[in-house]
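**Q** Here you go, model10.tsv (TSV, C-alpha atoms):
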chain	number	residue	atom	x	y	z
X	17	MET	CA	21.33	-20.75	-18.25
X	18	SER	CA	22.27	-17.15	-17.72
X	19	LYS	CA	22.27	-15.61	-14.28
X	20	ILE	CA	19.03	-13.74	-13.65
X	21	PRO	CA	19.74	-10.49	-11.75
X	22	ARG	CA	18.34	-10.09	-8.23
X	23	ASN	CA	15.63	-7.56	-9.08
X	24	PHE	CA	14.22	-9.51	-11.99
X	25	LYS	CA	14.20	-12.73	-10.00
X	26	LEU	CA	12.31	-10.96	-7.22
X	27	LEU	CA	9.87	-9.48	-9.75
X	28	GLU	CA	9.18	-13.01	-11.01
X	29	GLU	CA	8.64	-14.23	-7.47
X	30	LEU	CA	6.38	-11.26	-6.75
X	31	GLU	CA	4.27	-11.93	-9.82
X	32	LYS	CA	3.90	-15.58	-8.92
X	33	GLY	CA	2.92	-14.61	-5.37
X	34	GLU	CA	0.48	-11.90	-6.54
X	35	LYS	CA	-1.26	-14.15	-8.99
X	36	GLY	CA	-1.39	-17.04	-6.55
X	37	LEU	CA	0.23	-19.33	-9.09
X	38	GLY	CA	2.23	-21.25	-6.54
X	39	ALA	CA	1.36	-23.71	-3.81
X	40	GLU	CA	-1.87	-23.05	-1.90
X	41	SER	CA	-0.46	-23.94	1.50
X	42	ILE	CA	1.82	-20.90	1.60
X	43	SER	CA	1.75	-17.27	0.43
X	44	TYR	CA	4.12	-14.33	0.28
X	45	GLY	CA	4.19	-10.71	-0.82
X	46	LEU	CA	5.98	-7.41	-0.32
X	47	THR	CA	5.56	-5.82	3.10
X	48	ASN	CA	5.32	-2.39	1.46
X	49	GLN	CA	3.77	-2.21	-1.99
X	50	ASP	CA	6.04	0.69	-2.96
X	51	ASP	CA	9.34	-0.77	-1.75
X	52	ILE	CA	11.27	-0.39	-5.00
X	53	THR	CA	14.20	-2.31	-3.47
X	54	MET	CA	11.93	-5.34	-2.81
X	55	THR	CA	13.76	-6.14	0.43
X	56	ASN	CA	11.06	-6.86	3.03
X	57	TRP	CA	8.51	-9.62	2.49
X	58	ASN	CA	5.70	-11.19	4.45
X	59	GLY	CA	5.12	-14.90	4.28
X	60	THR	CA	2.46	-17.22	5.64
X	61	ILE	CA	2.39	-20.96	6.11
X	62	ILE	CA	-0.81	-22.88	6.68
X	63	GLY	CA	-0.07	-25.53	9.30
X	64	PRO	CA	0.12	-29.00	7.78
X	65	PRO	CA	-2.77	-31.38	8.60
X	66	HIS	CA	-2.27	-34.34	10.97
X	67	SER	CA	0.20	-32.34	13.03
X	68	ASN	CA	0.04	-30.04	16.05
X	69	HIS	CA	0.10	-27.18	13.49
X	70	GLU	CA	-3.21	-28.15	11.91
X	71	ASN	CA	-5.60	-25.19	11.38
X	72	ARG	CA	-2.95	-22.67	12.40
X	73	ILE	CA	-1.62	-19.88	10.19
X	74	TYR	CA	2.00	-18.85	10.76
X	75	SER	CA	3.29	-15.39	9.78
X	76	LEU	CA	6.89	-14.86	8.81
X	77	ASN	CA	9.15	-12.02	7.82
X	78	ILE	CA	11.60	-12.61	4.98
X	79	ILE	CA	14.46	-10.24	4.16
X	80	CYS	CA	16.00	-10.44	0.70
X	81	ASP	CA	19.00	-8.15	0.96
X	82	GLU	CA	21.31	-7.03	-1.84
X	83	ILE	CA	23.15	-10.34	-2.09
X	84	TYR	CA	19.96	-12.38	-2.55
X	85	PRO	CA	19.69	-14.83	-4.32
X	86	ASP	CA	23.45	-15.51	-4.29
X	87	LYS	CA	22.98	-15.89	-0.54
X	88	PRO	CA	19.81	-17.11	1.21
X	89	PRO	CA	17.22	-14.68	2.61
X	90	LYS	CA	16.91	-14.03	6.35
X	91	VAL	CA	13.78	-15.76	7.61
X	92	ARG	CA	12.02	-15.09	10.89
X	93	PHE	CA	8.78	-16.40	12.34
X	94	ILE	CA	6.47	-13.70	13.70
X	95	SER	CA	4.04	-16.30	15.06
X	96	LYS	CA	5.50	-18.32	17.92
X	97	ILE	CA	6.49	-21.84	16.95
X	98	ASN	CA	8.36	-24.76	18.48
X	99	LEU	CA	10.59	-26.15	15.77
X	100	PRO	CA	14.24	-27.33	16.10
X	101	CYS	CA	15.48	-24.98	13.35
X	102	VAL	CA	13.89	-21.89	14.94
X	103	ASP	CA	15.60	-20.04	17.80
X	104	ASN	CA	13.83	-18.43	20.74
X	105	GLN	CA	13.47	-15.12	18.85
X	106	GLY	CA	11.76	-16.77	15.89
X	107	ASN	CA	14.81	-16.71	13.61
X	108	VAL	CA	15.24	-19.66	11.30
X	109	MET	CA	18.80	-20.80	12.00
X	110	VAL	CA	20.81	-21.26	8.81
X	111	GLU	CA	22.94	-24.09	10.21
X	112	GLU	CA	19.88	-26.05	11.33
X	113	PHE	CA	17.79	-25.69	8.19
X	114	ASP	CA	19.07	-27.49	5.13
X	115	THR	CA	17.38	-25.23	2.55
X	116	LEU	CA	19.23	-22.17	3.85
X	117	LYS	CA	22.43	-24.04	4.72
X	118	ASN	CA	22.80	-25.60	1.27
X	119	TRP	CA	21.26	-22.65	-0.55
X	120	LYS	CA	21.07	-22.73	-4.35
X	121	ARG	CA	20.51	-19.70	-6.54
X	122	SER	CA	17.51	-21.39	-8.15
X	123	TYR	CA	15.69	-21.56	-4.82
X	124	THR	CA	12.92	-19.06	-4.08
X	125	MET	CA	10.97	-17.79	-1.09
X	126	GLU	CA	8.38	-20.37	-2.05
X	127	THR	CA	11.02	-23.11	-1.69
X	128	VAL	CA	11.86	-21.84	1.80
X	129	LEU	CA	8.24	-21.69	2.96
X	130	LEU	CA	7.36	-25.11	1.54
X	131	GLU	CA	10.44	-26.72	3.09
X	132	LEU	CA	9.64	-25.15	6.45
X	133	ARG	CA	6.13	-26.55	6.16
X	134	LYS	CA	7.59	-29.97	5.35
X	135	SER	CA	9.76	-29.74	8.44
X	136	MET	CA	6.66	-28.90	10.52
X	137	ALA	CA	4.97	-32.05	9.21
X	138	SER	CA	7.97	-34.36	9.63
X	139	ALA	CA	7.63	-37.40	11.86
X	140	SER	CA	10.03	-36.02	14.45
X	141	ASN	CA	8.42	-32.56	14.62
X	142	LYS	CA	4.70	-32.96	14.06
X	143	LYS	CA	3.87	-33.87	17.64
X	144	LEU	CA	6.04	-31.20	19.28
X	145	GLN	CA	4.08	-29.19	21.79
X	146	GLN	CA	3.29	-25.76	20.35
X	147	PRO	CA	2.94	-22.31	21.96
X	148	GLU	CA	-0.51	-20.85	22.39
X	149	GLU	CA	-2.17	-20.22	19.05
X	150	GLY	CA	-1.88	-16.62	17.86
X	151	SER	CA	1.04	-15.70	20.13
X	152	THR	CA	3.92	-13.74	18.59
X	153	TYR	CA	7.60	-13.09	19.29
R	18	MET	CA	28.69	-18.41	-18.32
R	19	ALA	CA	27.32	-19.68	-21.62
R	20	ALA	CA	28.48	-17.82	-24.72
R	21	LEU	CA	26.50	-14.71	-25.51
R	22	PRO	CA	24.40	-15.08	-28.68
R	23	LYS	CA	25.65	-13.12	-31.69
R	24	ARG	CA	22.46	-11.15	-31.85
R	25	ILE	CA	22.98	-9.76	-28.35
R	26	ILE	CA	26.62	-8.91	-29.09
R	27	LYS	CA	25.59	-7.05	-32.24
R	28	GLU	CA	22.83	-5.14	-30.53
R	29	THR	CA	25.13	-4.16	-27.68
R	30	GLU	CA	27.85	-2.98	-30.07
R	31	ARG	CA	25.42	-0.84	-31.97
R	32	LEU	CA	23.94	0.67	-28.80
R	33	VAL	CA	27.43	1.87	-27.95
R	34	SER	CA	28.68	2.89	-31.41
R	35	ASP	CA	25.42	4.44	-32.61
R	36	PRO	CA	23.49	5.44	-29.51
R	37	VAL	CA	19.90	6.63	-29.63
R	38	PRO	CA	19.64	10.33	-28.72
R	39	GLY	CA	18.41	10.71	-25.15
R	40	ILE	CA	18.90	7.04	-24.31
R	41	THR	CA	21.89	5.16	-22.88
R	42	ALA	CA	22.19	1.42	-22.30
R	43	ILE	CA	25.36	0.01	-20.78
R	44	PRO	CA	25.82	-3.72	-20.15
R	45	SER	CA	26.97	-4.74	-16.71
R	46	GLU	CA	30.53	-6.09	-16.52
R	47	GLU	CA	29.40	-9.10	-14.53
R	48	ASN	CA	26.40	-9.98	-16.65
R	49	LEU	CA	26.28	-8.98	-20.30
R	50	ARG	CA	22.53	-9.64	-20.42
R	51	TYR	CA	21.91	-7.00	-17.77
R	52	PHE	CA	21.90	-3.32	-18.77
R	53	GLU	CA	21.92	-0.05	-16.92
R	54	VAL	CA	19.65	2.26	-18.86
R	55	THR	CA	18.82	5.96	-18.80
R	56	ILE	CA	16.03	7.63	-20.71
R	57	ASP	CA	15.63	11.41	-20.96
R	58	GLY	CA	12.07	12.61	-20.49
R	59	PRO	CA	10.63	13.82	-23.83
R	60	ASN	CA	10.71	17.61	-24.22
R	61	SER	CA	7.02	18.22	-24.66
R	62	SER	CA	6.00	16.02	-21.72
R	63	PRO	CA	5.72	16.48	-17.93
R	64	TYR	CA	8.91	14.41	-17.73
R	65	ALA	CA	11.02	16.97	-19.64
R	66	ASN	CA	14.48	17.65	-18.16
R	67	GLY	CA	14.26	14.43	-16.14
R	68	VAL	CA	16.73	11.59	-16.49
R	69	PHE	CA	15.12	8.27	-15.66
R	70	HIS	CA	17.14	5.25	-14.64
R	71	LEU	CA	15.97	1.80	-15.65
R	72	GLU	CA	17.31	-1.74	-15.61
R	73	LEU	CA	16.95	-4.19	-18.47
R	74	TYR	CA	17.55	-7.92	-18.64
R	75	LEU	CA	17.60	-10.24	-21.64
R	76	PRO	CA	16.22	-13.64	-20.53
R	77	ASP	CA	17.59	-16.90	-21.91
R	78	ASP	CA	14.77	-17.03	-24.47
R	79	TYR	CA	15.56	-13.62	-25.91
R	80	PRO	CA	14.80	-12.72	-28.71
R	81	MET	CA	11.93	-15.21	-28.67
R	82	CYS	CA	10.60	-13.33	-25.67
R	83	ALA	CA	10.75	-9.65	-24.78
R	84	PRO	CA	13.45	-8.06	-22.63
R	85	LYS	CA	12.49	-7.43	-18.99
R	86	VAL	CA	12.56	-3.72	-18.16
R	87	ARG	CA	11.86	-1.77	-15.00
R	88	PHE	CA	12.11	1.87	-13.89
R	89	LEU	CA	14.42	2.44	-10.94
R	90	THR	CA	13.57	6.14	-10.72
R	91	LYS	CA	10.22	6.93	-9.12
R	92	ILE	CA	7.80	8.22	-11.74
R	93	TYR	CA	4.19	9.41	-11.71
R	94	HIS	CA	2.71	7.81	-14.82
R	95	PRO	CA	-0.52	5.81	-15.34
R	96	ASN	CA	1.25	2.95	-17.11
R	97	ILE	CA	4.13	2.55	-14.64
R	98	ASP	CA	3.52	1.21	-11.15
R	99	LYS	CA	5.15	1.92	-7.80
R	100	LEU	CA	7.75	-0.78	-8.36
R	101	GLY	CA	8.68	0.62	-11.75
R	102	ARG	CA	6.94	-2.09	-13.73
R	103	ILE	CA	5.82	-0.96	-17.18
R	104	CYS	CA	2.55	-1.73	-18.95
R	105	LEU	CA	3.44	-1.64	-22.63
R	106	ASP	CA	2.07	-3.95	-25.34
R	107	VAL	CA	5.43	-4.53	-27.03
R	108	LEU	CA	6.87	-5.82	-23.76
R	109	LYS	CA	4.09	-8.38	-23.58
R	110	ASP	CA	1.74	-9.76	-26.23
R	111	ASN	CA	2.96	-7.57	-29.06
R	112	TRP	CA	6.61	-8.49	-28.70
R	113	SER	CA	8.22	-9.69	-31.91
R	114	PRO	CA	11.78	-10.95	-32.39
R	115	ALA	CA	12.10	-8.28	-35.09
R	116	LEU	CA	12.09	-5.69	-32.29
R	117	GLN	CA	15.30	-4.85	-30.44
R	118	ILE	CA	16.59	-3.31	-27.25
R	119	ARG	CA	16.76	0.09	-28.94
R	120	THR	CA	13.22	-0.09	-30.32
R	121	ILE	CA	11.90	-1.12	-26.91
R	122	LEU	CA	13.66	1.77	-25.21
R	123	LEU	CA	12.30	4.16	-27.83
R	124	SER	CA	8.80	2.78	-27.18
R	125	ILE	CA	9.25	3.44	-23.47
R	126	GLN	CA	10.42	6.98	-24.21
R	127	ALA	CA	7.34	7.42	-26.42
R	128	LEU	CA	5.15	6.13	-23.58
R	129	LEU	CA	6.48	8.95	-21.41
R	130	GLY	CA	5.31	11.39	-24.08
R	131	ALA	CA	1.89	9.72	-24.41
R	132	PRO	CA	0.51	8.42	-21.10
R	133	ASN	CA	-2.46	6.13	-21.63
R	134	PRO	CA	-4.79	6.19	-18.60
R	135	ASP	CA	-7.29	3.87	-20.34
R	136	ASP	CA	-4.87	0.93	-20.09
R	137	PRO	CA	-3.52	1.54	-16.62
R	138	LEU	CA	-1.09	-0.36	-14.46
R	139	ALA	CA	-0.99	2.14	-11.62
R	140	ASN	CA	-4.75	2.36	-11.05
R	141	ASP	CA	-4.69	5.25	-8.58
R	142	VAL	CA	-2.52	7.34	-10.89
R	143	ALA	CA	-4.74	6.52	-13.88
R	144	GLU	CA	-7.82	7.60	-11.95
R	145	ASP	CA	-6.21	10.90	-10.97
R	146	TRP	CA	-5.20	11.34	-14.56
R	147	LYS	CA	-8.72	10.84	-15.88
R	148	LYS	CA	-10.36	12.96	-13.18
R	149	ASP	CA	-8.08	15.95	-13.49
R	150	GLU	CA	-5.47	15.69	-16.19
R	151	LYS	CA	-4.09	19.17	-15.55
R	152	LYS	CA	-3.40	18.40	-11.90
R	153	ALA	CA	-1.94	14.97	-12.70
R	154	ILE	CA	0.49	16.58	-15.12
R	155	GLU	CA	1.52	19.01	-12.38
R	156	VAL	CA	2.23	16.09	-10.02
R	157	ALA	CA	4.19	14.29	-12.75
R	158	LYS	CA	6.29	17.45	-13.18
R	159	GLU	CA	6.88	17.72	-9.44
R	160	TRP	CA	8.00	14.08	-9.21
R	161	THR	CA	10.30	14.56	-12.20
R	162	GLU	CA	11.96	17.49	-10.47
R	163	LYS	CA	12.14	15.65	-7.14
R	164	TYR	CA	13.31	12.20	-8.24
R	165	ALA	CA	14.63	12.44	-11.80
R	166	SER	CA	16.96	15.41	-11.78
R	167	LYS	CA	20.56	14.37	-12.45
R	168	LYS	CA	21.71	15.81	-9.15
R	169	GLU	CA	19.13	13.92	-7.10
R	170	TYR	CA	20.12	10.49	-8.39
R	171	SER	CA	23.86	10.86	-7.86
R	172	GLU	CA	23.27	12.00	-4.29
R	173	ASN	CA	21.40	8.79	-3.49
Kindly present the structure from the file in structure tokens form.
**A**
Amino acid sequence: MSKIPRNFKLLEELEKGEKGLGAESISYGLTNQDDITMTNWNGTIIGPPHSNHENRIYSLNIICDEIYPDKPPKVRFISKINLPCVDNQGNVMVEEFDTLKNWKRSYTMETVLLELRKSMASASNKKLQQPEEGSTY
Amino acid sequence: MAALPKRIIKETERLVSDPVPGITAIPSEENLRYFEVTIDGPNSSPYANGVFHLELYLPDDYPMCAPKVRFLTKIYHPNIDKLGRICLDVLKDNWSPALQIRTILLSIQALLGAPNPDDPLANDVAEDWKKDEKKAIEVAKEWTEKYASKKEYSEN
């Protein structure tokens, strides 16, 4: 396997996101449609069923800077959430979230969002009391 | 990194030793499948005197699939969108392994000389183009001067 350059990897991710080819429980797209650097992204996670997140939609901001995907993106919740890997500003803490901590170049924004959703549904997290629905940081 | 296929080595050598007039393609030192490209705007087009920067990548399946190419310089053209993505048949369904990097870049240069608003990628630009071609050409010229002059790019 050759090493796909940042921009072409992001174009692939964008296309997958635009066409809705990925998982239905999450979505992502560019914050600005004319951002030629493809740095700022919006993400959403639909709260997993049978958890305190059920029927909620969480908004996130994802920053893919110049060293993405050699290094993980910066991920921040815009919607308030109570989750052990998220600090009190909404930032997903690299050290506390395995997908970012043990980042692999083959991972995508979709990987990050799906793994966050999995963490929300985990046995230890699904019953955590959550902030008021619709509140933001 | 896996060894580079002979075909890619040959193509790269020829791009350097026998370059296409008005086109440059230089492989990156870190990744020999990734090229920095420039294309001069064709003389008789609104893109004349502009130098457009592009990036090109040869995926693992190349030449069974087309190279990936994108404009890095902003351009007002009905078949190129705001992110620099190009709508061109030979980059998609009409790709054939008999084509090469140089033929693809020539096709892109030809596309600059012959915008096709009936097969648009940038819908708003295509609509402007169809409504008032004269005005659209003026805008394309303005953008060329603003974003694609040699001076402008080196300053950024």
**Q** Please measure the separation of atom CA of Val54 of chain R and atom CA of Ala165 of chain R, giving the value in Å to one decimal.
**A** 13.4 Å
**Q** Please, which residues are within 7 Å of (20.7, -13.6, -16.3) by the file's coordinates, counting all atoms listed in the file, and could they come as a ChimeraX atom specification?
**A** /X:18-21 /R:48,50-51,74,76
**Q** Smallest atom-to-atom distance to chain R: which of X:Glu131, X:Asp50, X:Glu149, X:Glu126, using all atoms listed in the file?
**A** X:Asp50
**Q** Residues near segment 109-123 of chain X, anyone? I mean within 8 Å using all atoms listed in the file, not counting same-chain ones fewer than 5 positions away, as a list in words.
**A**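 Listed by chain and then number, they are Pro85, Asp86, Lys87, Pro88, Pro89, Pro100, Cys101, Val102, Asp103, Val128 and Glu131 of chain X.
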**Q** Work out how far atom CA of Asp149 of chain R is from atom CA of Ile125 of chain R, in Å to one decimal.
**A**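 Between these atoms lies a distance of 23.6 Å.
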**Q** Between R:Ser34, R:Asn96, R:Ser124, R:Thr90, which is the closest to Thr55 of chain R once you count all atoms listed in the file?
**A**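 Going through R:Ser34, R:Asn96, R:Ser124, R:Thr90 one by one, the smallest distance to Thr55 of chain R is for R:Thr90.
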**Q** Which residue, X:Glu70, X:Asp51, X:Glu148, X:Glu40, has the smallest gap to chain R when you use only C-alpha atoms?
**A**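 Using only C-alpha atoms, the shortest distance to chain R belongs to X:Asp51.
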**Q** Based on all atoms listed in the file, which of the residues in chain R come within 10 Å of chain X? I want them as a PyMOL selection string.
**A** chain R and resi 18-21+47-51+72-78+85-91+98-102
**Q** In Å, rounded to a single decimal, give me how far atom CA of Ile78 of chain X is from atom CA of Thr55 of chain X.
**A**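 So the two atoms, atom CA of Thr55 of chain X and atom CA of Ile78 of chain X, lie 8.2 Å apart.
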**Q** As a list in words, please: the residues near Ser140 of chain X (cut-off 12 Å, all atoms listed in the file, same-chain neighbours under 5 positions excluded).
**A**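 Skipping anything fewer than 5 positions along the chain leaves Ser67, Asn68, Leu99, Pro100, Lys134, Ser135 and Gln145 of chain X.
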**Q** Can you pull out every residue within 12 Å of Glu155 of chain R, counting all atoms listed in the file, but drop anything in the same chain fewer than 3 positions away, and send it as a list in words?
**A**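 Those residues are Ser62, Pro63, Tyr64, Tyr93, His94, Asp145, Trp146, Asp149, Glu150, Lys151, Lys152, Lys158, Glu159, Trp160, Thr161 and Glu162 of chain R.
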